[in-house]
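Below is data06.json, which holds JSON, C-alpha atoms and all ligand atoms.
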[["chain", "number", "residue", "atom", "x", "y", "z"],
["A", 1, "MET", "CA", -5.95, 1.46, -0.27],
["A", 2, "TYR", "CA", -6.70, 3.83, 2.54],
["A", 3, "SER", "CA", -3.48, 4.39, 4.40],
["A", 4, "THR", "CA", -3.63, 4.07, 8.17],
["A", 5, "GLY", "CA", -7.44, 4.03, 8.18],
["A", 6, "GLY", "CA", -7.40, 0.42, 7.00],
["A", 7, "LYS", "CA", -8.83, -0.99, 3.80],
["A", 8, "ALA", "CA", -11.15, 1.18, 1.72],
["A", 9, "PRO", "CA", -14.55, -0.31, 0.78],
["A", 10, "ILE", "CA", -13.40, -0.85, -2.80],
["A", 11, "GLY", "CA", -16.47, -2.71, -4.10],
["A", 12, "GLU", "CA", -18.86, -0.08, -2.73],
["A", 13, "LEU", "CA", -16.77, 2.79, -4.11],
["A", 14, "LEU", "CA", -16.69, 1.14, -7.54],
["A", 15, "ARG", "CA", -20.47, 0.76, -7.44],
["A", 16, "LEU", "CA", -20.83, 4.48, -6.61],
["A", 17, "GLN", "CA", -18.44, 5.26, -9.43],
["A", 18, "GLU", "CA", -20.58, 3.28, -11.84],
["A", 19, "LYS", "CA", -23.75, 5.00, -10.65],
["A", 20, "TYR", "CA", -22.56, 8.60, -10.24],
["A", 21, "GLY", "CA", -19.31, 8.72, -12.20],
["A", 22, "LEU", "CA", -17.10, 9.29, -9.15],
["A", 23, "PHE", "CA", -13.45, 9.99, -9.71],
["A", 24, "LEU", "CA", -11.51, 7.63, -7.45],
["A", 25, "PHE", "CA", -8.00, 8.05, -6.13],
["A", 26, "PHE", "CA", -6.50, 5.03, -4.38],
["A", 27, "ASP", "CA", -3.27, 4.71, -2.43],
["A", 28, "GLU", "CA", -2.09, 1.10, -2.92],
["A", 29, "ALA", "CA", 1.15, 1.41, -0.92],
["A", 30, "HIS", "CA", 0.12, -1.50, 1.31],
["A", 31, "GLY", "CA", -1.48, -3.69, -1.34],
["A", 32, "ILE", "CA", 0.90, -3.72, -4.28],
["A", 33, "SER", "CA", 2.88, -7.01, -4.52],
["A", 34, "THR", "CA", 1.36, -8.30, -1.30],
["A", 35, "VAL", "CA", -2.05, -9.13, -2.80],
["A", 36, "GLY", "CA", -3.60, -9.82, -6.19],
["A", 37, "GLU", "CA", -2.63, -11.63, -9.34],
["A", 38, "ARG", "CA", 1.05, -10.88, -10.06],
["A", 39, "GLY", "CA", 0.90, -8.48, -7.12],
["A", 40, "ARG", "CA", -1.34, -6.00, -8.90],
["A", 41, "GLY", "CA", -2.92, -4.97, -5.58],
["A", 42, "ALA", "CA", -6.42, -5.06, -4.14],
["A", 43, "VAL", "CA", -7.93, -2.31, -6.31],
["A", 44, "LEU", "CA", -6.95, -3.72, -9.71],
["A", 45, "GLU", "CA", -7.86, -7.18, -8.43],
["A", 46, "ALA", "CA", -11.37, -5.87, -7.71],
["A", 47, "MET", "CA", -11.65, -3.80, -10.91],
["A", 48, "GLY", "CA", -10.09, -6.24, -13.35],
["A", 49, "GLY", "CA", -8.46, -3.31, -15.16],
["A", 50, "ILE", "CA", -8.02, 0.38, -14.65],
["A", 51, "ASN", "CA", -10.57, 2.84, -16.02],
["A", 52, "ASP", "CA", -10.38, 6.52, -16.93],
["A", 53, "ARG", "CA", -12.03, 7.72, -13.75],
["A", 54, "THR", "CA", -9.59, 6.02, -11.43],
["A", 55, "LEU", "CA", -6.09, 6.93, -10.39],
["A", 56, "ILE", "CA", -3.95, 4.52, -8.36],
["A", 57, "ILE", "CA", -0.66, 5.48, -6.79],
["A", 58, "THR", "CA", 1.73, 3.13, -5.07],
["A", 59, "SER", "CA", 5.13, 2.93, -3.49],
["A", 60, "LEU", "CA", 7.73, 0.53, -4.88],
["A", 61, "ASN", "CA", 9.62, 0.72, -1.59],
["A", 62, "LYS", "CA", 7.34, -1.52, 0.43],
["A", 63, "GLY", "CA", 6.12, -4.96, -0.66],
["A", 64, "PHE", "CA", 7.63, -4.46, -4.11],
["A", 65, "GLY", "CA", 11.06, -4.39, -2.48],
["A", 66, "ALA", "CA", 12.74, -1.87, -4.74],
["A", 67, "SER", "CA", 12.57, 1.94, -4.82],
["A", 68, "GLY", "CA", 10.45, 4.65, -6.35],
["A", 69, "GLY", "CA", 6.74, 4.83, -6.94],
["A", 70, "ALA", "CA", 4.18, 4.21, -9.65],
["A", 71, "ILE", "CA", 1.03, 5.88, -10.95],
["A", 72, "PHE", "CA", -1.64, 3.88, -12.77],
["A", 73, "LEU", "CA", -3.77, 5.84, -15.24],
["A", 74, "GLY", "CA", -6.50, 4.77, -17.62],
["A", 75, "ARG", "CA", -5.48, 4.44, -21.25],
["A", 76, "LYS", "CA", -8.16, 6.58, -22.87],
["A", 77, "GLY", "CA", -8.00, 10.34, -22.40],
["A", 78, "SER", "CA", -5.33, 10.11, -19.73],
["A", 79, "GLN", "CA", -2.60, 12.01, -21.58],
["A", 80, "ASP", "CA", -3.62, 15.38, -20.03],
["A", 81, "ARG", "CA", -3.65, 13.84, -16.59],
["A", 82, "ARG", "CA", -0.27, 12.25, -17.19],
["A", 83, "ASP", "CA", 1.22, 15.58, -18.35],
["A", 84, "LEU", "CA", -0.30, 17.38, -15.36],
["A", 85, "ALA", "CA", 1.07, 14.83, -12.90],
["A", 86, "LEU", "CA", 4.58, 14.88, -14.37],
["A", 87, "ARG", "CA", 4.67, 18.68, -14.59],
["A", 88, "ASN", "CA", 3.30, 19.45, -11.12],
["A", 89, "GLY", "CA", 3.66, 16.30, -9.08],
["A", 90, "GLY", "CA", 7.38, 15.84, -8.64],
["A", 91, "PRO", "CA", 8.53, 14.40, -5.32],
["A", 92, "LEU", "CA", 8.64, 16.96, -2.51],
["A", 93, "MET", "CA", 9.28, 14.83, 0.55],
["A", 94, "TRP", "CA", 9.53, 11.07, 0.29],
["A", 95, "SER", "CA", 11.01, 8.86, -2.42],
["A", 96, "GLN", "CA", 13.07, 10.77, -4.93],
["A", 97, "ARG", "CA", 14.17, 9.87, -8.46],
["A", 98, "ILE", "CA", 15.11, 6.22, -8.95],
["A", 99, "ASN", "CA", 18.87, 5.76, -9.28],
["A", 100, "THR", "CA", 20.53, 3.22, -11.58],
["A", 101, "ALA", "CA", 20.89, 0.53, -8.92],
["A", 102, "GLY", "CA", 17.27, 1.13, -7.96],
["A", 103, "LEU", "CA", 16.18, 0.61, -11.57],
["A", 104, "GLY", "CA", 18.00, -2.74, -11.52],
["A", 105, "ALA", "CA", 16.08, -3.67, -8.37],
["A", 106, "VAL", "CA", 12.78, -2.66, -10.03],
["A", 107, "LEU", "CA", 13.52, -4.90, -13.05],
["A", 108, "ALA", "CA", 14.53, -7.83, -10.83],
["A", 109, "SER", "CA", 11.34, -7.42, -8.81],
["A", 110, "VAL", "CA", 9.25, -7.32, -12.01],
["A", 111, "ASP", "CA", 10.79, -10.68, -13.01],
["A", 112, "LEU", "CA", 9.90, -12.09, -9.61],
["A", 113, "HIS", "CA", 6.32, -10.82, -9.96],
["A", 114, "ARG", "CA", 6.02, -12.71, -13.26],
["A", 115, "SER", "CA", 7.41, -15.92, -11.78],
["A", 116, "ASP", "CA", 5.72, -18.75, -9.86],
["A", 117, "GLU", "CA", 7.53, -17.59, -6.75],
["A", 118, "LEU", "CA", 5.18, -14.67, -6.12],
["A", 119, "PRO", "CA", 2.00, -16.64, -5.26],
["A", 120, "GLU", "CA", 4.08, -18.72, -2.84],
["A", 121, "LEU", "CA", 5.52, -15.60, -1.18],
["A", 122, "GLN", "CA", 2.03, -14.07, -0.97],
["A", 123, "ARG", "CA", 0.71, -17.29, 0.59],
["A", 124, "ARG", "CA", 3.44, -17.34, 3.25],
["A", 125, "LEU", "CA", 2.85, -13.66, 4.01],
["A", 126, "GLN", "CA", -0.88, -14.31, 4.36],
["A", 127, "GLU", "CA", -0.14, -17.12, 6.83],
["A", 128, "ASN", "CA", 1.90, -14.72, 8.95],
["A", 129, "ILE", "CA", -0.87, -12.10, 8.79],
["A", 130, "ASP", "CA", -3.48, -14.67, 9.84],
["A", 131, "LEU", "CA", -1.27, -15.85, 12.71],
["A", 132, "PHE", "CA", -0.77, -12.26, 13.88],
["A", 133, "ASP", "CA", -4.54, -11.64, 13.73],
["A", 134, "ARG", "CA", -5.18, -14.73, 15.83],
["A", 135, "LEU", "CA", -2.59, -13.75, 18.45],
["A", 136, "LEU", "CA", -3.29, -10.02, 18.53],
["A", 137, "PRO", "CA", -6.68, -8.95, 17.17],
["A", 138, "THR", "CA", -6.81, -5.31, 16.02],
["A", 139, "GLY", "CA", -9.38, -3.16, 14.25],
["A", 140, "LEU", "CA", -7.85, -4.16, 10.92],
["A", 141, "SER", "CA", -7.84, -7.94, 11.53],
["A", 142, "GLY", "CA", -8.96, -9.95, 8.54],
["A", 143, "ASP", "CA", -8.55, -7.23, 5.88],
["A", 144, "GLY", "CA", -5.90, -9.32, 4.08],
["A", 145, "LEU", "CA", -3.32, -6.53, 4.09],
["A", 146, "PRO", "CA", 0.05, -6.78, 5.84],
["A", 147, "ILE", "CA", -0.19, -3.64, 8.01],
["A", 148, "ARG", "CA", -1.56, -3.62, 11.54],
["A", 149, "PHE", "CA", -1.72, -0.76, 14.02],
["A", 150, "VAL", "CA", -1.38, -1.42, 17.69],
["A", 151, "ASP", "CA", -2.58, 1.49, 19.84],
["A", 152, "VAL", "CA", -0.11, 1.91, 22.64],
["A", 153, "GLY", "CA", -1.37, 5.03, 24.42],
["A", 154, "SER", "CA", 1.31, 7.65, 24.98],
["A", 155, "GLU", "CA", 4.09, 8.64, 22.58],
["A", 156, "ASP", "CA", 6.72, 7.60, 25.15],
["A", 157, "ALA", "CA", 5.18, 4.14, 25.53],
["A", 158, "THR", "CA", 5.05, 3.79, 21.74],
["A", 159, "VAL", "CA", 8.75, 4.54, 21.37],
["A", 160, "HIS", "CA", 9.63, 2.22, 24.26],
["A", 161, "LEU", "CA", 7.59, -0.61, 22.77],
["A", 162, "ALA", "CA", 9.23, -0.20, 19.37],
["A", 163, "GLN", "CA", 12.66, -0.22, 21.07],
["A", 164, "ALA", "CA", 11.84, -3.33, 23.08],
["A", 165, "LEU", "CA", 10.59, -5.14, 19.97],
["A", 166, "LEU", "CA", 13.73, -4.17, 18.07],
["A", 167, "GLU", "CA", 15.89, -5.57, 20.85],
["A", 168, "ARG", "CA", 14.09, -8.86, 20.33],
["A", 169, "GLY", "CA", 14.72, -8.72, 16.57],
["A", 170, "TYR", "CA", 11.38, -7.33, 15.32],
["A", 171, "TYR", "CA", 11.08, -4.03, 13.52],
["A", 172, "ALA", "CA", 7.87, -2.15, 14.25],
["A", 173, "SER", "CA", 7.50, 1.41, 13.09],
["A", 174, "PRO", "CA", 6.27, 3.87, 15.72],
["A", 175, "ILE", "CA", 3.86, 6.27, 14.04],
["A", 176, "PHE", "CA", 2.48, 9.58, 15.20],
["A", 177, "PHE", "CA", 0.19, 12.32, 13.91],
["A", 178, "PRO", "CA", -0.25, 13.00, 10.98],
["A", 179, "SER", "CA", 0.54, 9.36, 9.98],
["A", 180, "SER", "CA", -1.94, 8.28, 12.65],
["A", 181, "PRO", "CA", -4.91, 10.27, 13.98],
["A", 182, "ALA", "CA", -4.05, 13.04, 16.48],
["A", 183, "GLY", "CA", -3.57, 11.68, 19.99],
["A", 184, "ARG", "CA", -3.39, 8.07, 18.84],
["A", 185, "PRO", "CA", 0.24, 7.02, 18.42],
["A", 186, "ALA", "CA", 0.68, 3.42, 17.36],
["A", 187, "CYS", "CA", 3.22, 0.78, 16.40],
["A", 188, "ALA", "CA", 2.79, -0.32, 12.78],
["B", 1, "LIG", "C1", 4.73, 4.39, 2.75],
["B", 1, "LIG", "C2", 3.46, 4.92, 2.29],
["B", 1, "LIG", "C3", 3.40, 5.94, 1.34],
["B", 1, "LIG", "C4", 4.64, 6.61, 0.81],
["B", 1, "LIG", "O1", 5.48, 5.76, 0.12],
["B", 1, "LIG", "P1", 6.92, 6.28, -0.21],
["B", 1, "LIG", "O2", 7.54, 5.24, -1.07],
["B", 1, "LIG", "O3", 7.64, 6.47, 1.09],
["B", 1, "LIG", "O4", 6.75, 7.58, -0.94],
["B", 1, "LIG", "C5", 2.18, 6.39, 0.91],
["B", 1, "LIG", "N1", 1.04, 5.85, 1.38],
["B", 1, "LIG", "C6", 1.04, 4.85, 2.29],
["B", 1, "LIG", "C7", -0.26, 4.30, 2.75],
["B", 1, "LIG", "C8", 2.24, 4.35, 2.78],
["B", 1, "LIG", "O5", 2.26, 3.37, 3.69]]
Please lay out the structure from this file as structure tokens.
Ligand SMILES: *Cc1c(COP(=O)(O)O)cnc(C)c1O
Amino acid sequence: MYSTGGKAPIGELLRLQEKYGLFLFFDEAHGISTVGERGRGAVLEAMGGINDRTLIITSLNKGFGASGGAIFLGRKGSQDRRDLALRNGGPLMWSQRINTAGLGAVLASVDLHRSDELPELQRRLQENIDLFDRLLPTGLSGDGLPIRFVDVGSEDATVHLAQALLERGYYASPIFFPSSPAGRPACA
């Protein structure tokens, strides 16, 4: 919903959209599957349904547990936008085209999202997030999303911390500029 900056003020942005007709672009990479009814994410949960002035993109490699990405567009008048995105927005860096095995994983994950298992998985994840927030408060504590950034200081210390955590069986991703603000490396 707002990458490494934490959670975007969705309700306020939607109110501004209603008042001034803002076009909104949300990145739901951290919210899809992990929150919302059937894992629809925080933005659709707040909006109820997509509208024509909102674009949501998400990764299917994170909470969704498969591969690829997804773009949510409004139904009405979105054909031009859809054509534009498909013509000019092919992958340049990260996830590439979904392969056959990946498509199978997407379909299996869709089934799981429709099942009663998802709310239970979301609940258990939320418990872990709450526990983490109690043990290690960060600037993002309490936002309901499963990503936390722990400022470590120097880049060397960040790498060493990630290595030490991995040795103890925990994977934390060391992130640097431009994933995090310049001069603020962190473990995510
Ligand atoms: C991981 C991530 C992406 C990119 O997702 P890919 O599947 O690697 O393309 C985009 N935005 C945010 C906030 C992410 O965490």
Pick out the residues no farther than 12 Å from ligand LIG 1 (chain B), counting only C-alpha atoms and all ligand atoms, and list them as a ChimeraX atom specification. /A:1-8,25-32,56-71,90-98,145-149,173,175,178-180,188
Pick from A:Glu127, A:Phe23, A:Met47, A:Gly41, whichever lies nearest to Gly11 of chain A using all atoms listed in the file: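 Answer, going by the shortest atom-to-atom distance: A:Met47.
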Under the rule that only C-alpha atoms are counted, which of A:Leu24, A:Glu155, A:Arg40, A:Thr34 is the nearest residue to Gly74 of chain A?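 Smallest distance to Gly74 of chain A is found for A:Leu24.
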From the set A:Gln163, A:Phe176, A:Gly144, A:Glu117, which residue has the shortest atom-to-atom contact distance to Ile129 of chain A, counting all atoms listed in the file?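 Selected residue with least distance to Ile129 of chain A: A:Gly144.
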So what do you get for atom CA of Gly89 of chain A versus atom CA of Gly48 of chain A, distance-wise?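 Atom CA of Gly48 of chain A lies 26.7 Å from atom CA of Gly89 of chain A.
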By how many Å are atom CA of Pro181 of chain A and atom CA of His160 of chain A apart?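 Computing it gives 19.5 Å between the two atoms.
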Using Å and a single decimal, report how far atom CA of Gln126 of chain A sits from atom CA of Arg168 of chain A.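 Going from atom CA of Arg168 of chain A over to atom CA of Gln126 of chain A covers 22.6 Å.
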From A:Leu140, A:Ile10, A:Ala105, A:Leu22, residue lying nearest Leu44 of chain A [all atoms listed in the file]: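 Checking each candidate against Leu44 of chain A, we get A:Ile10 as the closest.
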Please determine, counting all atoms listed in the file, which residue among A:Leu118, A:Asp80, A:Arg38, A:Val150 has the shortest atom-to-atom distance to Phe132 of chain A.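 Going through A:Leu118, A:Asp80, A:Arg38, A:Val150 one by one, the smallest distance to Phe132 of chain A is for A:Val150.
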